[in-house]
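To keep things clear, I will list the structure first and then write my remarks on it.
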2 protein chains.
Amino acid sequence: MTSYIEPLAQESTPSIIADKLRKAIGHGEFRPGAQIVEADLARKLGVSRGPLREGMQRLTQEGLLVSIRNRGLFVIDMTPADIRDMYLAREAIERAAAYKILRDGDFETVGAALLAIVDRMLAADGDPAAIGELDIAFHELLVRLADSPRLSRMHRTSIIETRMCIHALEETYLATDARAIEHQRLADAIRTGDIARTDELLSAHMDDAIERLSNR
Amino acid sequence: MTSYIEPLAQESTPSIIADKLRKAIGHGEFRPGAQIVEADLARKLGVSRGPLREGMQRLTQEGLLVSIRNRGLFVIDMTPADIRDMYLAREAIERAAAYKILRDGDFETVGAALLAIVDRMLAADGDPAAIGELDIAFHELLVRLADSPRLSRMHRTSIIETRMCIHALEETYLATDARAIEHQRLADAIRTGDIARTDELLSAHMDDAIERLSNR
DNA sequence: GGGGTTAACATTGTCGACAATCTACCTTTC
DNA sequence: GAAAGGTAGATTGTCGACAATGTTAACCCC
């Protein structure tokens, strides 16, 4: 049971703006390489340029936007090298998360929760968009259940970048059951507490993803 | 040879401010838990509150500052749980960096460069401040030589947090040769390309650090 | 004396305006 | 005709002022 009495965290305007921008970028509302024009966006969001700029600085810090002085802010354009680097970072984070869960977490419960997502993937019956979302949900849940503020924060950025990639090539996105099976094996390894196998599967999983995204 | 002709990256004011703030926090100029008063700081830095706020948003995103709405920004106070979480993240990053170097980098050169730092640690002859700086330099170099923008960016935040911890208890900081030896073993493992041993030593190294910082 | 209300102060949040800079196009010159 | 120079437009960078909010302390009432 969670108490109703908890410190109420009023989010600051810049953080709300940052969230909205992240979603927009992840869902392809801003194309990679596109310029973010402050005045336009401020008008659309109904705020002035000040808070908007503050929010955009957050995304710049995360590496989702790149700043060119006196020119403006641009959405990052993921080169093949960027994709590899992003998966390197994601693997580092998710490995640490899995390791923490396996070592001093309730890996059986976590594994079961992950398998529930796999079930929904299998039920999605080849719908690329749905499977893509569930794929991301799987990895988000894995890191969230590791209960590490730092890993979660770092992971969030990687997830947005993953979304960008998936969105950029949704049409050529392979939505076979193979994806679901891969996740199922991983969840099973976690559920049974098999560290070595989890490590191996996670590593292979990332390599597969790079492979898929590079051969477009 | 590096060419003199290269794209000149003019850093934006917020990013310069963010750098200065990171240094100040890392070196204990702002104590953990202290409030950052915008007007004062803006005057000291010779800028207006606008760019300053943008820079501070970056540190908020990194988790170095926490924002309480209408109250202000405060330097993070590292609880024991935070220290553990920080080392979890640092280990994840440095492991990935070491792994990348060992797998497809020039691990002999990297190992040699790291050993050079160890030599300076041994030559520092027990000076806590010098050894602390070299300790950090060792880990910074390790990640930098992995040549991964994302790992480097994530690592930078962790390093500031490490600095905060070291600075907070510099007086009780153990400056024995044991620290240098630990790093020496690690550098040697990398130089000889021994993945398993690097993994093991890195993990033990982080556990040691947590141990040291928790038993104050 | 404890609890509640009120007023003054300090600090942050937001905005609009102006200055600095860059890009693109047009003009001039050889 | 091509290159250099100049100009207009658009966009970002910076600032100062004002509004909103929270805190503190004094004061009053019970």
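Chain labels run A, B, ... following the order of the structure tokens; each chain numbers its residues from 1, and ligands are numbered from 1 in the order shown.
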Original post:
Could you list, as a PyMOL selection string, every residue of chain A that has an atom within 8 Å of an atom of chain C, counting only C-alpha atoms (C1' of nucleotides)?
Top reply: chain A and resi 48+50-51+70-71
Expected file: the selected residues, N, CA, C and O atoms, as a PDB file, in the first residue's frame:
```
ATOM      1  N   SER A  48       6.857  31.704 -22.737  1.00  0.00           N
ATOM      2  CA  SER A  48       7.790  32.631 -23.357  1.00  0.00           C
ATOM      3  C   SER A  48       9.111  31.915 -23.632  1.00  0.00           C
ATOM      4  O   SER A  48       9.298  30.753 -23.270  1.00  0.00           O
ATOM      5  N   GLY A  50      12.048  32.254 -22.414  1.00  0.00           N
ATOM      6  CA  GLY A  50      12.900  31.957 -21.261  1.00  0.00           C
ATOM      7  C   GLY A  50      12.799  30.521 -20.773  1.00  0.00           C
ATOM      8  O   GLY A  50      13.761  29.758 -20.878  1.00  0.00           O
ATOM      9  N   PRO A  51      11.637  30.115 -20.249  1.00  0.00           N
ATOM     10  CA  PRO A  51      11.489  28.739 -19.774  1.00  0.00           C
ATOM     11  C   PRO A  51      11.759  27.715 -20.869  1.00  0.00           C
ATOM     12  O   PRO A  51      12.320  26.651 -20.602  1.00  0.00           O
ATOM     13  N   ASN A  70      24.640  31.123 -31.981  1.00  0.00           N
ATOM     14  CA  ASN A  70      24.029  32.137 -32.846  1.00  0.00           C
ATOM     15  C   ASN A  70      23.329  31.552 -34.072  1.00  0.00           C
ATOM     16  O   ASN A  70      22.943  32.295 -34.968  1.00  0.00           O
ATOM     17  N   ARG A  71      23.224  30.246 -34.086  1.00  0.00           N
ATOM     18  CA  ARG A  71      22.522  29.608 -35.207  1.00  0.00           C
ATOM     19  C   ARG A  71      21.245  28.946 -34.705  1.00  0.00           C
ATOM     20  O   ARG A  71      20.195  29.062 -35.320  1.00  0.00           O
TER      21      ARG A  71
END
```
Original post:
When the cut-off is 10 Å and we count only C-alpha atoms, which residues of chain A are near chain B, given as a ChimeraX atom specification?
Top reply: /A:9-15,18,50-63,67-70,81-82,84-97,99-100,147-154,157-158
Mind dumping the selected residues with C-alpha atoms as a CSV table (one decimal), in the first residue's frame?
```
chain,number,residue,atom,x,y,z
A,9,ALA,CA,6.8,17.3,-6.2
A,10,GLN,CA,5.6,20.2,-8.3
A,11,GLU,CA,7.5,19.9,-11.5
A,12,SER,CA,9.2,23.1,-12.8
A,13,THR,CA,8.1,24.5,-16.1
A,14,PRO,CA,11.5,23.7,-17.8
A,15,SER,CA,11.3,20.1,-16.8
A,18,ALA,CA,11.9,19.0,-21.5
A,50,GLY,CA,12.9,32.0,-21.3
A,51,PRO,CA,11.5,28.7,-19.8
A,52,LEU,CA,11.6,27.1,-23.2
A,53,ARG,CA,15.3,27.8,-23.5
A,54,GLU,CA,15.9,26.4,-20.1
A,55,GLY,CA,14.1,23.2,-21.0
A,56,MET,CA,16.1,22.9,-24.3
A,57,GLN,CA,19.3,23.2,-22.3
A,58,ARG,CA,18.4,20.0,-20.6
A,59,LEU,CA,18.1,18.2,-23.8
A,60,THR,CA,21.3,19.7,-25.0
A,61,GLN,CA,23.0,18.3,-21.9
A,62,GLU,CA,21.6,14.9,-22.7
A,63,GLY,CA,22.9,15.1,-26.2
A,67,SER,CA,23.7,23.8,-30.1
A,68,ILE,CA,25.5,25.9,-32.7
A,69,ARG,CA,26.1,29.4,-31.3
A,70,ASN,CA,24.0,32.1,-32.8
A,81,ALA,CA,28.6,5.6,-35.3
A,82,ASP,CA,26.0,7.2,-33.0
A,84,ARG,CA,26.7,1.9,-32.2
A,85,ASP,CA,27.7,4.3,-29.4
A,86,MET,CA,24.2,4.5,-28.1
A,87,TYR,CA,23.9,0.8,-27.9
A,88,LEU,CA,27.2,0.6,-26.1
A,89,ALA,CA,25.8,2.9,-23.5
A,90,ARG,CA,22.5,1.2,-23.3
A,91,GLU,CA,24.1,-2.2,-22.9
A,92,ALA,CA,26.3,-0.8,-20.1
A,93,ILE,CA,23.3,0.5,-18.3
A,94,GLU,CA,21.0,-2.5,-18.8
A,95,ARG,CA,23.7,-4.9,-17.8
A,96,ALA,CA,24.3,-3.0,-14.6
A,97,ALA,CA,20.5,-3.0,-14.0
A,99,TYR,CA,23.2,-7.5,-12.5
A,100,LYS,CA,21.8,-5.5,-9.6
A,147,ASP,CA,15.7,0.9,-8.6
A,148,SER,CA,18.6,3.1,-9.4
A,149,PRO,CA,18.0,6.8,-10.0
A,150,ARG,CA,21.2,7.3,-11.9
A,151,LEU,CA,20.8,4.3,-14.2
A,152,SER,CA,17.2,5.3,-14.8
A,153,ARG,CA,18.1,8.9,-15.7
A,154,MET,CA,20.9,7.8,-18.1
A,157,THR,CA,18.1,9.4,-22.8
A,158,SER,CA,19.2,6.2,-24.6
```
Original post:
Running DSSP on the backbone, which parts of chain B land in alpha helix (DSSP H), as JSON, numbers by chain?
Top reply: {"B": [13, 14, 15, 16, 17, 18, 19, 20, 21, 22, 23, 24, 25, 26, 38, 39, 40, 41, 42, 43, 44, 45, 49, 50, 51, 52, 53, 54, 55, 56, 57, 58, 59, 60, 61, 62, 80, 81, 82, 83, 84, 85, 86, 87, 88, 89, 90, 91, 92, 93, 94, 95, 96, 97, 98, 99, 100, 101, 102, 103, 104, 107, 108, 109, 110, 111, 112, 113, 114, 115, 116, 117, 118, 119, 120, 121, 122, 123, 124, 128, 129, 130, 131, 132, 133, 134, 135, 136, 137, 138, 139, 140, 141, 142, 143, 144, 145, 149, 150, 151, 152, 153, 154, 155, 156, 157, 158, 159, 160, 161, 162, 163, 164, 165, 166, 167, 168, 177, 178, 179, 180, 181, 182, 183, 184, 185, 186, 187, 188, 189, 190, 191, 195, 196, 197, 198, 199, 200, 201, 202, 203, 204, 205, 206, 207, 208, 209, 210, 211, 212, 213, 214]}
Subject >> 10 Å contact set for Val47 (chain B), only C-alpha atoms (C1' of nucleotides), chain neighbours under 5 positions out, as a list in words >> reply: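 Listed by chain and then number, they are Thr13, Ile17, Ala39, Leu41, Ala42 and Leu52 of chain B; DT14 and DC15 of chain D.
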Output file for the residues above (N, CA and C atoms (P, O5', C5', C4', C3', O3' and C1' of nucleotides), as a compact mmCIF listing (two decimals), in the first residue's frame):
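That gives us out26.txt:
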```txt
# COMPACT_ATOMS: atom_id res chain seq x y z
N THR B 13 27.31 30.26 -23.78
CA THR B 13 27.45 30.77 -22.41
C THR B 13 26.90 29.79 -21.38
N ILE B 17 29.03 28.28 -18.20
CA ILE B 17 28.55 28.43 -16.83
C ILE B 17 28.41 27.06 -16.16
N ALA B 39 20.66 35.51 -8.01
CA ALA B 39 21.10 36.90 -8.16
C ALA B 39 22.56 37.06 -7.74
N LEU B 41 24.96 34.74 -7.55
CA LEU B 41 25.87 34.03 -8.45
C LEU B 41 25.99 34.75 -9.78
N ALA B 42 24.87 35.27 -10.26
CA ALA B 42 24.89 35.98 -11.54
C ALA B 42 25.83 37.18 -11.44
N LEU B 52 22.48 32.18 -16.70
CA LEU B 52 22.83 31.42 -15.51
C LEU B 52 21.80 30.32 -15.24
P DT D 14 24.64 34.82 -24.16
O5' DT D 14 23.92 36.13 -23.61
C5' DT D 14 24.29 37.39 -24.13
C4' DT D 14 23.44 38.49 -23.55
C3' DT D 14 23.26 38.43 -22.03
O3' DT D 14 23.93 39.55 -21.47
C1' DT D 14 21.20 38.91 -23.16
P DC D 15 24.08 39.66 -19.88
O5' DC D 15 22.90 40.67 -19.54
C5' DC D 15 22.77 41.86 -20.31
C4' DC D 15 21.41 42.47 -20.12
C3' DC D 15 20.98 42.67 -18.67
O3' DC D 15 21.04 44.05 -18.35
C1' DC D 15 19.19 41.86 -20.05
```
Original post:
Near Thr192 (chain B), within 10 Å and counting only C-alpha atoms (C1' of nucleotides), which residues show up once chain neighbours fewer than 6 positions away are dropped, as a list of chain:residue names?
Top reply: B:Leu102, B:Phe107, B:Glu108, B:Gly111, B:Thr198
Output N, CA and C atoms for every residue in that selection, as a short mmCIF file (atom, residue, chain, number, x, y, z; two decimals), in the first residue's frame.
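Ended up saving to out16.cif:
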```cif
data_model
loop_
_atom_site.label_atom_id
_atom_site.label_comp_id
_atom_site.auth_asym_id
_atom_site.auth_seq_id
_atom_site.Cartn_x
_atom_site.Cartn_y
_atom_site.Cartn_z
N LEU B 102 39.43 -3.12 -24.54
CA LEU B 102 40.04 -4.46 -24.63
C LEU B 102 39.60 -5.18 -25.89
N PHE B 107 44.76 -1.74 -26.40
CA PHE B 107 44.82 -1.83 -24.94
C PHE B 107 46.24 -1.72 -24.39
N GLU B 108 47.22 -2.03 -25.21
CA GLU B 108 48.59 -1.90 -24.70
C GLU B 108 48.95 -0.43 -24.47
N GLY B 111 46.92 0.85 -21.53
CA GLY B 111 47.50 0.36 -20.27
C GLY B 111 48.75 1.14 -19.89
N THR B 198 40.31 -7.74 -15.59
CA THR B 198 39.92 -6.33 -15.56
C THR B 198 38.55 -6.17 -14.93
#
```
Subject >> Selected residue of minimal separation from chain B among D:DA20, D:DA4, D:DC28, D:DA10, counting only C-alpha atoms (C1' of nucleotides) >> reply: D:DA20
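Relative to CA of Arg179 (chain B), CA of Ala124 (chain B) is found at 11.9 Å.
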Original post:
So what do you get for CA of Gly193 (chain A) versus CA of Ile160 (chain A), distance-wise?
Top reply: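 Separation of CA of Gly193 (chain A) and CA of Ile160 (chain A): 28.9 Å.
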Subject >> Proximal residues of chain D relative to chain A (only C-alpha atoms (C1' of nucleotides); 9 Å) as an NGL selection string >> reply: :D and (11-13)
**OP:** One decimal, Å: what's the distance from CA of Arg103 (chain B) over to CA of Leu201 (chain B), could you say?
**Re:** 17.1 Å
